[in-house]
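Inspection log for the structure reproduced underneath, given as structure tokens.
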Number of protein chains: 2
Amino acid sequence: MVFKDYKIKSRIWIDGKQGTFLAEGRIALLKEIIVSGSISAAAKQMNMSYKKAWEMINTMNKSAEQPLVVRVSGGAGGGGTQVTDEGLKMIQLFEKLNKKCQVYLDKELEKIFG
Amino acid sequence: MVFKDYKIKSRIWIDGKQGTFLAEGRIALLKEIIVSGSISAAAKQMNMSYKKAWEMINTMNKSAEQPLVVRVSGGAGGGGTQVTDEGLKMIQLFEKLNKKCQVYLDKELEKIFG
DNA sequence: ATTCGTTGTATCATTTAAAAAATAACGATG
DNA sequence: CATCGTTATTTTTTAAATGATACAACGAAT
């Protein structure tokens, strides 16, 4: 069994017209936004610059037919960001697909070298 | 059908003790080496620096139980590099797995949104 | 022992990407 | 209309990956 010391890893993402639509980091970002209700707080939590987080959110929203988040600038508390139902659906979709892919690959490797 | 404008993409790789063992670029490099019998020629063909190609080859060989390439320095023609049978097996394994992964993901997306 | 083209190694320059910082815009609220 | 913390944008700085260059080591062949 040569392959016991090796691990197979995978990364999936979904491309749209504007470039990358969904990927691991973006999903994590969405989940942090759900918790904090703020891009800046989510970015800080993830040790990511606000700019990068904003750009991710922006391209995601542009790529999506329906926005994944709604952003409010100004107002009481300065504003904030909410993940939409569409956003929740995308999170579930991506994570389900990602998990399935991992399981499949592990099984394939096992099938070949088991 | 919301997803007709989106494409799912994937990337797989195999990690060993020394870090990345097999990945897309390394497989392509191996294949170029088969053609040319030389690291430097393969690197040039791929628009890659010799140094980077050499480092890839080196970590691959260190991670493998049996070397994927044998390198000869000096001699008639200056030397050269040959891909071993083990190397050929790894190429086949990786490409097979990669292809299967793509097919699987496309099928999964179709199953959900078809 | 000279030649050859390759592998192998080190150094420096350049380009690119990421991070950080600074600033403006926003708008409900008191 | 001043305040607040957020979103949004621009600029600057830093770090990292990449590229280029140069040169030593190698060893069969002539």
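Every chain in the structure tokens takes a letter, A first, then B, and so on in the order presented; its residues are numbered from 1, and the ligands are numbered from 1 following the presented order.
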Give me, as a compact mmCIF listing (two decimals) with N, CA, C and O atoms, in the first residue's frame, all polymer residues having an atom no more than 9 Å from A:Pro67, counting only C-alpha atoms (C1' of nucleotides) and skipping those fewer than 6 positions away in the same chain.
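That gives us part-v4.txt:
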# COMPACT_ATOMS: atom_id res chain seq x y z
N MET A 60 -19.06 38.47 -6.50
CA MET A 60 -20.09 37.47 -6.27
C MET A 60 -21.46 38.02 -6.65
O MET A 60 -22.24 37.39 -7.36
N ASN A 61 -21.73 39.19 -6.15
CA ASN A 61 -23.03 39.79 -6.41
C ASN A 61 -23.24 40.08 -7.90
O ASN A 61 -24.34 39.89 -8.42
N VAL A 83 -26.87 38.70 4.37
CA VAL A 83 -26.87 37.63 3.38
C VAL A 83 -28.33 37.27 3.04
O VAL A 83 -29.15 37.08 3.94
N THR A 84 -28.61 37.21 1.75
CA THR A 84 -29.98 36.94 1.31
C THR A 84 -30.30 35.45 1.34
O THR A 84 -29.42 34.62 1.58
N GLU A 86 -31.02 33.76 -1.20
CA GLU A 86 -30.24 33.23 -2.33
C GLU A 86 -28.82 32.90 -1.87
O GLU A 86 -28.25 31.88 -2.25
N GLY A 87 -28.26 33.78 -1.05
CA GLY A 87 -26.92 33.54 -0.51
C GLY A 87 -26.88 32.27 0.32
O GLY A 87 -25.95 31.46 0.20
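The neighbours of A:Asp106 here are the residues that come within 9 Å of it, using only C-alpha atoms (C1' of nucleotides) and leaving out any residue fewer than 4 positions away in the same chain; they are A:Lys7, A:Ile8, A:Lys9, A:Cys101, A:Gln102, A:Glu110, A:Lys111.
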task = Among the residues of stretch 21-111 of chain B, find those DSSP assigns to strand (DSSP E or B) from the backbone and print them as a ChimeraX atom specification.
result = /B:21-22,69-73,79-83
Output file for the selection above: N, CA and C atoms, as an mmCIF file, in the first residue's frame:
data_model
loop_
_atom_site.group_PDB
_atom_site.id
_atom_site.type_symbol
_atom_site.label_atom_id
_atom_site.label_comp_id
_atom_site.auth_asym_id
_atom_site.auth_seq_id
_atom_site.Cartn_x
_atom_site.Cartn_y
_atom_site.Cartn_z
ATOM 1 N N PHE B 21 3.032 16.743 -3.941
ATOM 2 C CA PHE B 21 3.677 15.647 -4.644
ATOM 3 C C PHE B 21 3.286 15.687 -6.123
ATOM 4 N N LEU B 22 2.025 15.464 -6.400
ATOM 5 C CA LEU B 22 1.551 15.530 -7.783
ATOM 6 C C LEU B 22 0.512 16.634 -7.928
ATOM 7 N N VAL B 69 11.798 10.389 -11.991
ATOM 8 C CA VAL B 69 12.729 10.686 -13.078
ATOM 9 C C VAL B 69 14.140 10.344 -12.625
ATOM 10 N N VAL B 70 14.966 10.025 -13.604
ATOM 11 C CA VAL B 70 16.391 9.852 -13.321
ATOM 12 C C VAL B 70 17.145 10.924 -14.102
ATOM 13 N N ARG B 71 18.027 11.582 -13.397
ATOM 14 C CA ARG B 71 18.749 12.696 -13.994
ATOM 15 C C ARG B 71 20.208 12.331 -14.150
ATOM 16 N N VAL B 72 20.759 12.654 -15.288
ATOM 17 C CA VAL B 72 22.171 12.398 -15.546
ATOM 18 C C VAL B 72 22.848 13.717 -15.875
ATOM 19 N N SER B 73 23.856 14.028 -15.090
ATOM 20 C CA SER B 73 24.608 15.257 -15.312
ATOM 21 C C SER B 73 25.941 14.924 -15.939
ATOM 22 N N GLY B 79 24.215 15.306 -20.824
ATOM 23 C CA GLY B 79 23.378 14.621 -19.847
ATOM 24 C C GLY B 79 21.931 14.666 -20.269
ATOM 25 N N GLY B 80 21.031 14.478 -19.324
ATOM 26 C CA GLY B 80 19.608 14.477 -19.655
ATOM 27 C C GLY B 80 18.784 13.915 -18.523
ATOM 28 N N THR B 81 17.504 13.837 -18.764
ATOM 29 C CA THR B 81 16.575 13.370 -17.730
ATOM 30 C C THR B 81 15.552 12.428 -18.340
ATOM 31 N N GLN B 82 15.333 11.315 -17.676
ATOM 32 C CA GLN B 82 14.385 10.325 -18.166
ATOM 33 C C GLN B 82 13.274 10.101 -17.147
ATOM 34 N N VAL B 83 12.072 9.969 -17.638
ATOM 35 C CA VAL B 83 10.948 9.635 -16.776
ATOM 36 C C VAL B 83 10.903 8.115 -16.596
#
Could you list, as a short mmCIF file (atom, residue, chain, number, x, y, z; two decimals) with C-alpha atoms, in the first residue's frame, every residue of chain B that has an atom within 9 Å of an atom of chain A, counting only C-alpha atoms?
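Output contents, as saved in selection-v4.cif:
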data_model
loop_
_atom_site.label_atom_id
_atom_site.label_comp_id
_atom_site.auth_asym_id
_atom_site.auth_seq_id
_atom_site.Cartn_x
_atom_site.Cartn_y
_atom_site.Cartn_z
CA VAL B 2 -30.03 29.22 -13.49
CA ASP B 5 -24.07 30.36 -17.40
CA TYR B 6 -21.86 28.84 -14.74
CA LYS B 7 -19.13 26.26 -14.97
CA ILE B 8 -17.87 24.10 -12.18
CA LYS B 9 -14.15 23.65 -12.07
CA SER B 10 -11.89 21.58 -9.92
CA ARG B 11 -8.32 21.08 -9.09
CA ILE B 12 -6.89 18.05 -7.41
CA TRP B 13 -3.48 17.37 -6.04
CA ILE B 14 -1.72 14.85 -3.92
CA ASP B 15 0.28 15.88 -0.89
CA GLY B 16 3.19 13.91 0.46
CA LYS B 17 5.52 14.35 3.38
CA PHE B 21 3.68 15.65 -4.64
CA GLU B 65 9.13 6.21 -2.76
CA LEU B 97 -8.33 10.67 -11.26
CA LYS B 100 -13.02 11.23 -13.18
CA CYS B 101 -13.37 14.11 -10.77
CA TYR B 104 -18.35 13.41 -11.46
CA LEU B 105 -18.77 17.10 -10.66
CA GLU B 108 -23.59 16.14 -9.82
CA LEU B 109 -24.43 19.63 -10.99
#
Non-local contacts of D:DT13 (12 Å; only C-alpha atoms (C1' of nucleotides); under 3 positions in same chain excluded) as a PyMOL selection string = chain C and resi 18-22
Please dump the current selection as a compact mmCIF listing (two decimals), in the first residue's frame; keep N, CA and C atoms (P, O5', C5', C4', C3', O3' and C1' of nucleotides).
# COMPACT_ATOMS: atom_id res chain seq x y z
P DA C 18 -3.00 37.74 -4.72
O5' DA C 18 -2.79 38.32 -3.24
C5' DA C 18 -1.67 37.85 -2.50
C4' DA C 18 -1.25 38.88 -1.48
C3' DA C 18 -2.37 39.33 -0.53
O3' DA C 18 -1.99 38.98 0.79
C1' DA C 18 -1.10 41.19 -1.33
P DA C 19 -3.12 39.07 1.97
O5' DA C 19 -2.61 40.35 2.76
C5' DA C 19 -1.22 40.49 3.00
C4' DA C 19 -0.91 41.91 3.39
C3' DA C 19 -1.87 42.52 4.42
O3' DA C 19 -1.13 42.87 5.57
C1' DA C 19 -1.43 44.04 2.64
P DA C 20 -1.93 43.44 6.83
O5' DA C 20 -1.70 45.01 6.66
C5' DA C 20 -0.44 45.45 6.20
C4' DA C 20 -0.46 46.96 6.04
C3' DA C 20 -1.33 47.69 7.06
O3' DA C 20 -0.52 48.66 7.69
C1' DA C 20 -1.87 48.39 4.85
P DA C 21 -1.14 49.56 8.87
O5' DA C 21 -1.44 50.95 8.14
C5' DA C 21 -0.52 51.41 7.17
C4' DA C 21 -1.12 52.58 6.40
C3' DA C 21 -1.97 53.54 7.26
O3' DA C 21 -1.47 54.85 7.09
C1' DA C 21 -3.13 52.92 5.28
P DA C 22 -2.04 56.01 8.02
O5' DA C 22 -2.84 56.92 6.98
C5' DA C 22 -2.32 57.10 5.66
C4' DA C 22 -3.39 57.65 4.76
C3' DA C 22 -4.34 58.65 5.44
O3' DA C 22 -4.45 59.83 4.66
C1' DA C 22 -5.57 56.98 4.30
ask   = Which residues of chain D are close to chain B, meaning at most 10 Å apart when you count only C-alpha atoms (C1' of nucleotides), and how do they look as a list in words?
value =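 Only these qualify: DT18, DG19, DA20, DA25, DC26, DG27, DA28 and DA29 of chain D.
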Take the residues from that selection and put them in a file with N, CA and C atoms (P, O5', C5', C4', C3', O3' and C1' of nucleotides), as a PDB file, in the first residue's frame.
ATOM      1  P    DT D  18       5.239  31.681  -8.799  1.00  0.00           P
ATOM      2  O5'  DT D  18       6.107  32.497  -9.859  1.00  0.00           O
ATOM      3  C5'  DT D  18       5.671  33.805 -10.242  1.00  0.00           C
ATOM      4  C4'  DT D  18       6.775  34.534 -10.967  1.00  0.00           C
ATOM      5  C3'  DT D  18       7.589  33.658 -11.934  1.00  0.00           C
ATOM      6  O3'  DT D  18       7.334  34.109 -13.248  1.00  0.00           O
ATOM      7  C1'  DT D  18       8.968  35.151 -10.690  1.00  0.00           C
ATOM      8  P    DG D  19       8.051  33.347 -14.477  1.00  0.00           P
ATOM      9  O5'  DG D  19       9.356  34.242 -14.700  1.00  0.00           O
ATOM     10  C5'  DG D  19       9.247  35.640 -14.513  1.00  0.00           C
ATOM     11  C4'  DG D  19      10.493  36.341 -15.029  1.00  0.00           C
ATOM     12  C3'  DG D  19      11.285  35.556 -16.070  1.00  0.00           C
ATOM     13  O3'  DG D  19      11.728  36.458 -17.076  1.00  0.00           O
ATOM     14  C1'  DG D  19      12.649  35.952 -14.139  1.00  0.00           C
ATOM     15  P    DA D  20      12.646  35.914 -18.288  1.00  0.00           P
ATOM     16  O5'  DA D  20      14.089  36.400 -17.803  1.00  0.00           O
ATOM     17  C5'  DA D  20      14.209  37.697 -17.223  1.00  0.00           C
ATOM     18  C4'  DA D  20      15.653  37.959 -16.828  1.00  0.00           C
ATOM     19  C3'  DA D  20      16.682  37.361 -17.790  1.00  0.00           C
ATOM     20  O3'  DA D  20      17.632  38.359 -18.118  1.00  0.00           O
ATOM     21  C1'  DA D  20      17.117  36.647 -15.561  1.00  0.00           C
ATOM     22  P    DA D  25      33.387  23.699  -9.160  1.00  0.00           P
ATOM     23  O5'  DA D  25      32.393  22.564  -9.680  1.00  0.00           O
ATOM     24  C5'  DA D  25      31.176  22.334  -8.967  1.00  0.00           C
ATOM     25  C4'  DA D  25      30.490  21.100  -9.537  1.00  0.00           C
ATOM     26  C3'  DA D  25      31.433  19.955  -9.905  1.00  0.00           C
ATOM     27  O3'  DA D  25      30.857  18.736  -9.450  1.00  0.00           O
ATOM     28  C1'  DA D  25      30.138  20.572 -11.796  1.00  0.00           C
ATOM     29  P    DC D  26      31.682  17.384  -9.461  1.00  0.00           P
ATOM     30  O5'  DC D  26      31.078  16.606 -10.717  1.00  0.00           O
ATOM     31  C5'  DC D  26      29.659  16.548 -10.873  1.00  0.00           C
ATOM     32  C4'  DC D  26      29.317  16.148 -12.286  1.00  0.00           C
ATOM     33  C3'  DC D  26      30.218  15.051 -12.870  1.00  0.00           C
ATOM     34  O3'  DC D  26      29.503  13.833 -12.862  1.00  0.00           O
ATOM     35  C1'  DC D  26      29.611  16.748 -14.465  1.00  0.00           C
ATOM     36  P    DG D  27      30.305  12.442 -12.618  1.00  0.00           P
ATOM     37  O5'  DG D  27      30.576  11.981 -14.116  1.00  0.00           O
ATOM     38  C5'  DG D  27      29.467  11.692 -14.940  1.00  0.00           C
ATOM     39  C4'  DG D  27      29.906  11.669 -16.385  1.00  0.00           C
ATOM     40  C3'  DG D  27      31.158  10.831 -16.656  1.00  0.00           C
ATOM     41  O3'  DG D  27      30.987  10.146 -17.868  1.00  0.00           O
ATOM     42  C1'  DG D  27      31.419  12.960 -17.537  1.00  0.00           C
ATOM     43  P    DA D  28      31.270   8.526 -17.863  1.00  0.00           P
ATOM     44  O5'  DA D  28      30.910   8.136 -19.380  1.00  0.00           O
ATOM     45  C5'  DA D  28      29.615   8.426 -19.888  1.00  0.00           C
ATOM     46  C4'  DA D  28      29.719   9.036 -21.272  1.00  0.00           C
ATOM     47  C3'  DA D  28      30.625   8.283 -22.234  1.00  0.00           C
ATOM     48  O3'  DA D  28      29.957   8.158 -23.488  1.00  0.00           O
ATOM     49  C1'  DA D  28      31.294  10.564 -22.111  1.00  0.00           C
ATOM     50  P    DA D  29      30.584   7.383 -24.688  1.00  0.00           P
ATOM     51  O5'  DA D  29      31.251   8.552 -25.544  1.00  0.00           O
ATOM     52  C5'  DA D  29      30.442   9.645 -25.967  1.00  0.00           C
ATOM     53  C4'  DA D  29      31.234  10.545 -26.894  1.00  0.00           C
ATOM     54  C3'  DA D  29      32.209   9.785 -27.815  1.00  0.00           C
ATOM     55  O3'  DA D  29      32.144  10.345 -29.108  1.00  0.00           O
ATOM     56  C1'  DA D  29      33.398  11.391 -26.538  1.00  0.00           C
TER      57       DA D  29
END
Kindly provide the residues of chain C that approach chain B to within 9 Å, each paired with its closest atom pair and their distance in Å to one decimal, based on only C-alpha atoms (C1' of nucleotides), listed by chain and increasing number, as CSV.
residue,atom,partner,partner_atom,distance
C:DC4,C1',B:Gly77,CA,6.3
C:DG5,C1',B:Gly78,CA,4.2
C:DT6,C1',B:Gly78,CA,4.1
C:DT7,C1',B:Ser73,CA,4.9
C:DG8,C1',B:Ser73,CA,8.6
key: Backbone DSSP call of alpha helix (DSSP H) for chain A, listed as a PyMOL selection string   = chain A and resi 24-36+39-45+50-63+85-113
Between atom CA of B:Ile34 and atom CA of B:Leu88, distance in Å (one decimal) = 9.2 Å
